Structure formats: structure tokens, C-alpha cells
>>> print(open('work11.cif').read())   # mmCIF, C-alpha atoms and all ligand atoms
data_structure
loop_
_atom_site.label_atom_id
_atom_site.label_comp_id
_atom_site.auth_asym_id
_atom_site.auth_seq_id
_atom_site.Cartn_x
_atom_site.Cartn_y
_atom_site.Cartn_z
CA MET C 1 0.00 0.00 0.00
CA ILE C 2 1.26 3.45 -0.88
CA GLN C 3 1.47 5.72 2.14
CA SER C 4 3.70 8.49 0.90
CA ARG C 5 2.59 12.12 0.90
CA TYR C 6 4.08 15.12 -0.82
CA LEU C 7 4.14 18.86 -0.22
CA ILE C 8 5.32 21.51 -2.64
CA ARG C 9 7.32 24.48 -1.44
CA LEU C 10 7.96 27.55 -3.59
CA ASP C 11 10.93 29.73 -2.67
CA ASP C 12 11.77 33.37 -3.29
CA ALA C 13 8.51 35.23 -3.83
CA CYS C 14 9.48 38.92 -3.81
CA HIS C 15 8.58 42.27 -5.37
CA THR C 16 10.82 41.64 -8.40
CA MET C 17 9.95 37.96 -8.98
CA ASP C 18 9.36 36.58 -12.48
CA LEU C 19 5.58 36.90 -12.17
CA ALA C 20 4.76 35.08 -15.44
CA LYS C 21 6.32 31.90 -14.05
CA TRP C 22 4.47 32.20 -10.77
CA GLU C 23 1.23 32.67 -12.70
CA GLN C 24 2.00 29.58 -14.74
CA LEU C 25 2.32 27.66 -11.46
CA GLU C 26 -0.93 29.16 -10.15
CA THR C 27 -2.69 27.69 -13.19
CA VAL C 28 -1.13 24.24 -12.78
CA PHE C 29 -1.85 24.14 -9.04
CA LYS C 30 -5.46 25.17 -9.63
CA GLU C 31 -5.88 22.32 -12.10
CA PHE C 32 -4.61 19.72 -9.61
CA GLY C 33 -5.81 21.26 -6.34
CA ILE C 34 -2.29 21.85 -5.02
CA ARG C 35 -1.84 24.20 -2.04
CA PRO C 36 1.89 24.78 -1.63
CA ILE C 37 3.99 26.46 1.02
CA VAL C 38 5.32 29.74 -0.38
CA GLY C 39 8.48 31.33 0.99
CA VAL C 40 8.07 35.12 0.86
CA ILE C 41 11.08 37.43 1.17
CA PRO C 42 9.67 40.48 2.99
CA ASN C 43 12.33 42.98 1.87
CA ASN C 44 14.36 41.38 -0.92
CA ARG C 45 17.82 42.87 -1.61
CA ASP C 46 19.24 39.83 -3.42
CA LYS C 47 20.17 40.95 -6.95
CA ASP C 48 19.64 37.40 -8.26
CA PHE C 49 15.93 38.07 -7.95
CA PHE C 50 15.89 41.49 -9.60
CA LEU C 51 14.16 39.87 -12.57
CA ARG C 52 11.35 42.29 -13.40
CA PRO C 53 10.45 45.89 -12.53
CA ALA C 54 9.34 45.84 -8.89
CA LEU C 55 5.66 45.36 -8.13
CA SER C 56 4.21 48.10 -5.96
CA ASP C 57 3.63 47.16 -2.32
CA SER C 58 -0.10 46.81 -2.90
CA GLN C 59 0.34 44.71 -6.05
CA PHE C 60 2.81 42.42 -4.30
CA TRP C 61 1.01 41.97 -0.99
CA ASN C 62 -2.39 41.58 -2.64
CA ARG C 63 -0.91 38.70 -4.59
CA ILE C 64 0.33 37.11 -1.35
CA LYS C 65 -3.16 37.57 0.12
CA ASP C 66 -4.72 35.95 -2.98
CA TRP C 67 -2.45 32.96 -2.48
CA ARG C 68 -3.40 32.78 1.20
CA GLN C 69 -7.04 32.92 0.15
CA ALA C 70 -6.42 30.00 -2.21
CA GLY C 71 -5.12 27.95 0.73
CA TRP C 72 -1.41 28.43 0.14
CA ASP C 73 0.64 28.54 3.35
CA ILE C 74 2.70 31.69 3.72
CA ALA C 75 6.21 31.26 5.07
CA MET C 76 8.74 33.90 6.09
CA HIS C 77 11.78 33.38 3.89
CA GLY C 78 14.43 35.38 5.74
CA TYR C 79 14.52 39.17 5.69
CA GLU C 80 16.56 40.56 2.75
CA HIS C 81 17.95 37.28 1.35
CA ILE C 82 21.44 38.77 1.23
CA LEU C 83 23.76 35.81 1.60
CA ILE C 84 27.29 36.19 2.87
CA PRO C 85 30.00 33.51 2.83
CA THR C 86 30.30 31.62 6.11
CA GLY C 87 32.12 28.73 7.68
CA ALA C 88 29.55 28.58 10.49
CA ARG C 89 27.56 25.44 11.14
CA SER C 90 23.94 25.51 10.13
CA LEU C 91 21.26 23.09 11.32
CA VAL C 92 21.27 21.98 7.68
CA ASN C 93 24.80 21.71 6.36
CA LEU C 94 24.16 22.41 2.71
CA ASN C 95 25.49 25.84 1.80
CA ALA C 96 28.48 27.92 2.83
CA ARG C 97 26.42 31.12 2.54
CA THR C 98 24.11 32.58 5.13
CA GLU C 99 21.73 35.34 6.09
CA PHE C 100 21.41 33.94 9.64
CA ALA C 101 23.52 30.96 10.77
CA GLY C 102 26.64 31.97 12.64
CA LEU C 103 25.61 35.60 13.17
CA PRO C 104 25.31 36.96 16.74
CA TYR C 105 21.90 36.61 18.35
CA GLY C 106 21.20 40.36 18.34
CA VAL C 107 21.81 40.64 14.59
CA GLN C 108 19.57 37.68 13.85
CA GLU C 109 16.87 38.98 16.16
CA GLU C 110 16.83 42.39 14.46
CA LYS C 111 16.43 40.87 10.99
CA ILE C 112 13.64 38.62 12.14
CA ARG C 113 11.88 41.45 13.96
CA LYS C 114 12.06 43.73 10.90
CA GLY C 115 10.87 41.02 8.52
CA TRP C 116 8.04 40.07 10.86
CA GLU C 117 6.92 43.71 11.15
CA ILE C 118 6.63 43.97 7.36
CA PHE C 119 4.29 40.96 7.26
CA ARG C 120 2.29 42.19 10.25
CA ALA C 121 1.87 45.64 8.67
CA GLN C 122 0.15 43.83 5.79
CA GLY C 123 -2.08 41.85 8.15
CA ILE C 124 -0.26 38.60 7.37
CA GLU C 125 1.02 36.25 10.04
CA PRO C 126 3.32 33.64 8.47
CA LYS C 127 3.15 30.28 10.24
CA ILE C 128 6.33 28.78 8.82
CA TRP C 129 10.04 29.64 8.70
CA ILE C 130 12.20 28.95 5.64
CA ALA C 131 15.85 29.97 6.03
CA PRO C 132 17.53 31.37 2.91
CA ALA C 133 20.14 28.85 1.71
CA HIS C 134 18.96 26.43 4.47
CA SER C 135 21.21 28.42 6.75
CA PHE C 136 19.97 28.78 10.31
CA ASP C 137 21.04 27.76 13.80
CA ASN C 138 19.67 27.53 17.34
CA GLU C 139 20.00 31.31 17.73
CA THR C 140 17.70 31.75 14.71
CA LEU C 141 15.12 29.52 16.39
CA ARG C 142 15.50 31.48 19.64
CA ALA C 143 14.95 34.78 17.78
CA LEU C 144 11.89 33.34 16.00
CA ALA C 145 10.46 32.15 19.32
CA ASN C 146 11.05 35.57 20.92
CA MET C 147 9.95 37.82 18.05
CA THR C 148 7.26 35.90 16.16
CA SER C 149 4.47 33.36 16.56
CA ILE C 150 6.16 31.05 14.02
CA ARG C 151 6.61 27.55 15.46
CA ILE C 152 7.03 25.51 12.26
CA VAL C 153 10.22 25.12 10.22
CA SER C 154 10.33 23.76 6.68
CA ASP C 155 13.76 22.12 6.38
CA THR C 156 16.07 19.23 7.33
CA PHE C 157 15.90 15.55 6.43
CA ALA C 158 13.46 13.18 8.13
CA PHE C 159 10.80 10.72 7.00
CA GLY C 160 8.00 12.76 8.54
CA THR C 161 7.24 15.67 10.84
CA TYR C 162 9.02 15.82 14.19
CA GLY C 163 9.59 18.22 17.08
CA CYS C 164 12.77 19.89 18.32
CA ASN C 165 13.49 22.92 20.56
CA GLY C 166 9.81 23.89 20.76
CA PHE C 167 9.41 23.86 16.96
CA SER C 168 7.68 21.43 14.63
CA PHE C 169 9.77 20.49 11.62
CA ILE C 170 8.38 19.63 8.21
CA PRO C 171 11.32 17.98 6.44
CA GLN C 172 12.34 19.24 3.00
CA GLN C 173 14.27 16.61 1.13
CA LEU C 174 13.60 16.91 -2.61
CA TRP C 175 14.00 19.39 -5.47
CA LYS C 176 11.97 17.39 -7.97
CA PHE C 177 9.38 14.63 -7.73
CA VAL C 178 10.82 11.23 -6.87
CA PHE C 179 8.41 8.42 -6.08
CA PHE C 180 8.61 6.80 -2.64
CA LYS C 181 6.14 4.34 -1.14
CA ARG C 182 6.32 5.84 2.35
CA GLY C 183 7.19 9.06 4.10
CA THR C 184 6.28 12.74 3.99
CA TRP C 185 8.31 14.54 1.35
CA THR C 186 8.62 18.24 0.54
CA ILE C 187 9.68 19.19 -2.97
CA CYS C 188 11.30 22.62 -3.06
CA LEU C 189 10.89 24.56 -6.32
CA HIS C 190 12.45 27.86 -7.35
CA PRO C 191 9.84 29.34 -9.72
CA ASN C 192 12.03 32.30 -10.73
CA SER C 193 14.56 30.00 -12.38
CA MET C 194 12.24 27.25 -13.69
CA ASN C 195 12.49 26.55 -17.41
CA ASP C 196 10.04 24.85 -19.79
CA LYS C 197 11.52 21.45 -19.04
CA ASP C 198 11.05 21.96 -15.30
CA PHE C 199 7.43 22.96 -15.88
CA ASP C 200 6.84 19.89 -18.07
CA ARG C 201 8.40 17.60 -15.49
CA LEU C 202 6.24 19.09 -12.72
CA TYR C 203 3.09 18.83 -14.82
CA ASP C 204 3.76 15.18 -15.62
CA ALA C 205 4.39 14.33 -11.96
CA LEU C 206 1.17 16.06 -10.88
CA ALA C 207 -0.89 14.52 -13.68
CA LYS C 208 0.25 11.09 -12.54
CA HIS C 209 0.47 11.48 -8.76
CA HIS C 210 -1.62 14.51 -7.71
CA GLU C 211 -3.61 12.40 -5.23
CA LEU C 212 -0.44 12.01 -3.13
CA PHE C 213 -0.11 15.78 -2.66
CA ILE C 214 -1.31 17.37 0.55
CA SER C 215 -1.01 20.77 2.23
CA VAL C 216 0.34 21.79 5.63
CA SER C 217 -3.15 21.72 7.16
CA ASP C 218 -3.35 17.97 6.37
CA LEU C 219 -0.20 17.28 8.35
CA ASP C 220 -0.08 15.86 11.82
CA MET C 221 2.54 18.06 13.54
CA ARG C 222 4.23 15.45 15.62
CA SER C 223 6.42 16.11 18.62
CA ARG C 224 8.40 12.87 18.32
CA PRO C 225 12.16 13.47 18.30
CA ARG C 226 14.03 12.89 15.07
CA SER C 227 15.64 9.45 15.09
CA LEU C 228 19.36 8.85 14.99
CA PHE C 229 18.82 6.99 11.73
CA GLU C 230 17.23 10.07 10.14
CA LYS C 231 20.11 12.24 11.35
CA ILE C 232 22.62 9.82 9.85
CA ILE C 233 20.76 9.71 6.53
CA GLU C 234 20.77 13.52 6.47
CA ARG C 235 24.58 13.49 6.34
CA PHE C 236 24.40 11.50 3.11
CA TRP C 237 21.25 13.06 1.71
CA PHE C 238 22.47 16.63 1.54
CA ASN C 239 25.40 15.64 -0.59
CA LYS C 240 27.36 18.86 -0.25
CA GLY C 241 27.37 18.23 3.50
CA LEU C 242 28.84 14.81 2.91
CA ILE C 243 31.52 16.16 0.61
CA HIS C 244 32.24 18.77 3.26
CA SER C 245 32.60 16.12 5.96
CA ILE C 246 34.83 13.92 3.83
CA SER C 247 37.14 16.78 2.93
CA ARG C 248 37.19 17.89 6.57
CA ALA C 249 38.04 14.33 7.70
CA LYS C 250 40.74 14.10 5.03
CA ARG C 251 42.22 17.40 6.17
CA SER C 252 42.28 16.20 9.80
CA ILE C 253 43.97 12.93 8.86
CA LEU C 254 46.57 14.73 6.75
CA CYS C 255 47.25 17.06 9.69
CA LEU C 256 47.92 14.05 11.92
CA PHE C 257 50.51 12.74 9.48
CA ARG C 258 52.16 16.11 9.06
CA SER C 259 52.58 16.85 12.77
ZN ZN C 301 15.72 31.66 -1.21
#
>>> encode(input="work11.cif", output="C-alpha cells", more="lines below")
Ligand SMILES: [Zn+2]
Amino acid sequence: MIQSRYLIRLDDACHTMDLAKWEQLETVFKEFGIRPIVGVIPNNRDKDFFLRPALSDSQFWNRIKDWRQAGWDIAMHGYEHILIPTGARSLVNLNARTEFAGLPYGVQEEKIRKGWEIFRAQGIEPKIWIAPAHSFDNETLRALANMTSIRIVSDTFAFGTYGCNGFSFIPQQLWKFVFFKRGTWTICLHPNSMNDKDFDRLYDALAKHHELFISVSDLDMRSRPRSLFEKIIERFWFNKGLIHSISRAKRSILCLFRS
């Protein structure tokens, strides 16, 4: 019996997003009844997303409200999405760039407070946190707990939802549809950089498997701890992390021989 369930997550909604692509997704999701998580950057300063002339505040936020109305779950995707190089550990060891992980608590708190205020000024209360570049640490979670009502994080590897440090985690393990018989899987898409082939692939997956797709409201937010097995798999799953660990181990071994 097939017991797997899938969520879709869209990253990088911002004033200068490639709106035509987002509208193309709106159409596809309407056809198949998909209600994704959407990561909204409240005050984007990342030049990679300066793709179109900026929408006015009302145009942009009305769009976000339309999505909310359609049952999409709004997530806070950082503050400005400006990523700086870092060697700091993140709770997900995937990228060496960060807007949050490794920064002092006060700096993280200020960004989160400012981002949260922008949403609140629009009458929107995001329920979910999505860290830019998967880069966040325990100080980020502390700042979220102190400054916002967000208690759900979309990230990490696991086979289903779990609880940690007062937060519920919805794992995010995939970047395209891969069929599994069991587990809760989140597929992260970046609409701004999707090409025709990506759209075709998504359409085919939804045409075939749309009954496996759920939304956050269908999830049972479990407080079980993440298992050791899931933590071990994560090291392999996020391949860059594995490469990082191997090269770090190699460096340590070489050091031993040199000394
Ligand atoms: Zn992003």
C-alpha cells in the first residue's frame, strides 16, 4: 500500500519575482488542487531576484493575500535574502552562505523582527520559517520564538514531521518529484529559475500522482524526536554536507601525518 505524501514548497517570492512563471504555477496548481507552502522574502535585496520591474507594495502583498485565500501557506523566507560567505555550522549543512547561521543573536533577532513587522503591517502572520540557503542555527530559532508566533520550520531531512526545541519540523528533502512508497516529502521549487523542461516535469508528476499531494493543514505536527537513523541519513542526503565532511576528515587525517 502506498502511504507516501508530498508537499510543494515555492521559494523566493518577492517584489521583483518573475511573475509570469508564478502565474504559470498558479494555473497548474489550480488544475490539480495543489496548495503549496510559499516562501516570501519580505524585503528582498538579493540581486539574483531582480528579474522584473518591482511590483508596488499593494500589487505584491495583494498577490500574497490571494495565495493565502487559495489555501497556500505563507512562510517567512528570511529578511533581505542577502547571503554572505560563512564557515559557520547551520542546522542543515548544505550551503556555505548565510543570512542567519553563525551571526550573533542580536543581529539575527533584528532581521527577524524587521521582517516580521513587514508581514504584520500587511495583516499577514506567516506560520512557517524557511531559512535562505537552508542556513539557520539555534540562535535563529530562539529569535523566531522571541519575536514571532512562528513555530514551524520547513527544512532538514526526516521521513515525517518531528519536534525539536519547541518547533515542529516539516522535512524538505527533494527538489523534484521522486516516487517513494512511504514518508512525507517536501519538494522545493524555485519558480524564478524554472524553465520549460522543469514545468513539463512538474506537470507530468502532478498529472500522474496529484492524489499524493497534501497541504500543511493535512499534516499531523508530531512532537516525536528525530531518530538517529534520520540524522545519519541527512549526512548522506544533503550531498554537499557529505563532501564537506569527507574533505574535513581528510584534512584532519593529513594534519595528523604532518605533525
Ligand atoms: Zn531563497
>>> residues_near_point(input="work11.cif", point="(12.8, 44.9, -9.2)", cutoff="12 Å", atoms="all atoms listed in the file", output="JSON, numbers by chain")
{"C": [13, 14, 15, 16, 17, 18, 19, 43, 44, 45, 46, 47, 48, 49, 50, 51, 52, 53, 54, 55, 56, 57, 60]}
>>> residues_near_point(input="work11.cif", point="(10.2, 19.2, -4.5)", cutoff="7 Å", atoms="only C-alpha atoms", output="PDB file with C-alpha atoms, keeping the file's coordinate frame")
ATOM      1  CA  ILE C   8       5.320  21.510  -2.640  1.00  0.00           C
ATOM      2  CA  ARG C   9       7.320  24.480  -1.440  1.00  0.00           C
ATOM      3  CA  LEU C 174      13.600  16.910  -2.610  1.00  0.00           C
ATOM      4  CA  TRP C 175      14.000  19.390  -5.470  1.00  0.00           C
ATOM      5  CA  LYS C 176      11.970  17.390  -7.970  1.00  0.00           C
ATOM      6  CA  PHE C 177       9.380  14.630  -7.730  1.00  0.00           C
ATOM      7  CA  THR C 186       8.620  18.240   0.540  1.00  0.00           C
ATOM      8  CA  ILE C 187       9.680  19.190  -2.970  1.00  0.00           C
ATOM      9  CA  CYS C 188      11.300  22.620  -3.060  1.00  0.00           C
ATOM     10  CA  LEU C 189      10.890  24.560  -6.320  1.00  0.00           C
TER      11      LEU C 189
END
>>> closest_residue(input="work11.cif", among="C:Ser149, C:Thr98, C:Asn62, C:Ser227", to="Ile84 in chain C", atoms="only C-alpha atoms")
C:Thr98
>>> residues_near_ligand(input="work11.cif", ligand="ligand ZN 301 (chain C)", cutoff="12 Å", atoms="only C-alpha atoms and all ligand atoms", output="number ranges by chain")
C: 9-14, 17, 38-42, 44-49, 75-83, 95, 97-99, 129-135, 188-193
>>> write_last_selection(input="work11.cif", atoms="C-alpha atoms", output="PDB file, keeping the file's coordinate frame")
ATOM      1  CA  ARG C   9       7.320  24.480  -1.440  1.00  0.00           C
ATOM      2  CA  LEU C  10       7.960  27.550  -3.590  1.00  0.00           C
ATOM      3  CA  ASP C  11      10.930  29.730  -2.670  1.00  0.00           C
ATOM      4  CA  ASP C  12      11.770  33.370  -3.290  1.00  0.00           C
ATOM      5  CA  ALA C  13       8.510  35.230  -3.830  1.00  0.00           C
ATOM      6  CA  CYS C  14       9.480  38.920  -3.810  1.00  0.00           C
ATOM      7  CA  MET C  17       9.950  37.960  -8.980  1.00  0.00           C
ATOM      8  CA  VAL C  38       5.320  29.740  -0.380  1.00  0.00           C
ATOM      9  CA  GLY C  39       8.480  31.330   0.990  1.00  0.00           C
ATOM     10  CA  VAL C  40       8.070  35.120   0.860  1.00  0.00           C
ATOM     11  CA  ILE C  41      11.080  37.430   1.170  1.00  0.00           C
ATOM     12  CA  PRO C  42       9.670  40.480   2.990  1.00  0.00           C
ATOM     13  CA  ASN C  44      14.360  41.380  -0.920  1.00  0.00           C
ATOM     14  CA  ARG C  45      17.820  42.870  -1.610  1.00  0.00           C
ATOM     15  CA  ASP C  46      19.240  39.830  -3.420  1.00  0.00           C
ATOM     16  CA  LYS C  47      20.170  40.950  -6.950  1.00  0.00           C
ATOM     17  CA  ASP C  48      19.640  37.400  -8.260  1.00  0.00           C
ATOM     18  CA  PHE C  49      15.930  38.070  -7.950  1.00  0.00           C
ATOM     19  CA  ALA C  75       6.210  31.260   5.070  1.00  0.00           C
ATOM     20  CA  MET C  76       8.740  33.900   6.090  1.00  0.00           C
ATOM     21  CA  HIS C  77      11.780  33.380   3.890  1.00  0.00           C
ATOM     22  CA  GLY C  78      14.430  35.380   5.740  1.00  0.00           C
ATOM     23  CA  TYR C  79      14.520  39.170   5.690  1.00  0.00           C
ATOM     24  CA  GLU C  80      16.560  40.560   2.750  1.00  0.00           C
ATOM     25  CA  HIS C  81      17.950  37.280   1.350  1.00  0.00           C
ATOM     26  CA  ILE C  82      21.440  38.770   1.230  1.00  0.00           C
ATOM     27  CA  LEU C  83      23.760  35.810   1.600  1.00  0.00           C
ATOM     28  CA  ASN C  95      25.490  25.840   1.800  1.00  0.00           C
ATOM     29  CA  ARG C  97      26.420  31.120   2.540  1.00  0.00           C
ATOM     30  CA  THR C  98      24.110  32.580   5.130  1.00  0.00           C
ATOM     31  CA  GLU C  99      21.730  35.340   6.090  1.00  0.00           C
ATOM     32  CA  TRP C 129      10.040  29.640   8.700  1.00  0.00           C
ATOM     33  CA  ILE C 130      12.200  28.950   5.640  1.00  0.00           C
ATOM     34  CA  ALA C 131      15.850  29.970   6.030  1.00  0.00           C
ATOM     35  CA  PRO C 132      17.530  31.370   2.910  1.00  0.00           C
ATOM     36  CA  ALA C 133      20.140  28.850   1.710  1.00  0.00           C
ATOM     37  CA  HIS C 134      18.960  26.430   4.470  1.00  0.00           C
ATOM     38  CA  SER C 135      21.210  28.420   6.750  1.00  0.00           C
ATOM     39  CA  CYS C 188      11.300  22.620  -3.060  1.00  0.00           C
ATOM     40  CA  LEU C 189      10.890  24.560  -6.320  1.00  0.00           C
ATOM     41  CA  HIS C 190      12.450  27.860  -7.350  1.00  0.00           C
ATOM     42  CA  PRO C 191       9.840  29.340  -9.720  1.00  0.00           C
ATOM     43  CA  ASN C 192      12.030  32.300 -10.730  1.00  0.00           C
ATOM     44  CA  SER C 193      14.560  30.000 -12.380  1.00  0.00           C
TER      45      SER C 193
END
>>> closest_residue(input="work11.cif", among="C:Gln59, C:Thr148, C:Asn165, C:Thr27", to="Lys114 in chain C", atoms="all atoms listed in the file")
C:Thr148
>>> atom_distance(input="work11.cif", atom1="CA of Asp137 in chain C", atom2="CA of Val216 in chain C")
23.0 Å
>>> closest_residue(input="work11.cif", among="C:Trp116, C:Phe29, C:Phe100, C:Tyr105", to="Gly71 in chain C", atoms="all atoms listed in the file")
C:Phe29
>>> atom_distance(input="work11.cif", atom1="CA of Glu125 in chain C", atom2="CA of Pro104 in chain C")
25.2 Å
>>> atom_distance(input="work11.cif", atom1="CA of Met147 in chain C", atom2="CA of Ile118 in chain C")
12.8 Å
>>> closest_residue(input="work11.cif", among="C:Val153, C:Cys164, C:Ala158, C:Leu212", to="Phe179 in chain C", atoms="all atoms listed in the file")
C:Leu212
>>> closest_residue(input="work11.cif", among="C:Glu230, C:Glu139, C:Asp196, C:Glu110", to="Thr161 in chain C", atoms="all atoms listed in the file")
C:Glu230
>>> residues_around(input="work11.cif", residues="Leu141 in chain C", least_positions_apart="2", cutoff="9 Å", atoms="only C-alpha atoms", output="PyMOL selection string")
chain C and resi 136-139+143-146+151+165-167
>>> write_last_selection(input="work11.cif", atoms="C-alpha atoms", output="mmCIF file, in the frame of the given file")
data_model
loop_
_atom_site.group_PDB
_atom_site.id
_atom_site.type_symbol
_atom_site.label_atom_id
_atom_site.label_comp_id
_atom_site.auth_asym_id
_atom_site.auth_seq_id
_atom_site.Cartn_x
_atom_site.Cartn_y
_atom_site.Cartn_z
ATOM 1 C CA PHE C 136 19.970 28.780 10.310
ATOM 2 C CA ASP C 137 21.040 27.760 13.800
ATOM 3 C CA ASN C 138 19.670 27.530 17.340
ATOM 4 C CA GLU C 139 20.000 31.310 17.730
ATOM 5 C CA ALA C 143 14.950 34.780 17.780
ATOM 6 C CA LEU C 144 11.890 33.340 16.000
ATOM 7 C CA ALA C 145 10.460 32.150 19.320
ATOM 8 C CA ASN C 146 11.050 35.570 20.920
ATOM 9 C CA ARG C 151 6.610 27.550 15.460
ATOM 10 C CA ASN C 165 13.490 22.920 20.560
ATOM 11 C CA GLY C 166 9.810 23.890 20.760
ATOM 12 C CA PHE C 167 9.410 23.860 16.960
#
>>> closest_residue(input="work11.cif", among="C:Phe159, C:Leu228, C:Lys111, C:Leu7", to="Lys181 in chain C", atoms="only C-alpha atoms")
C:Phe159
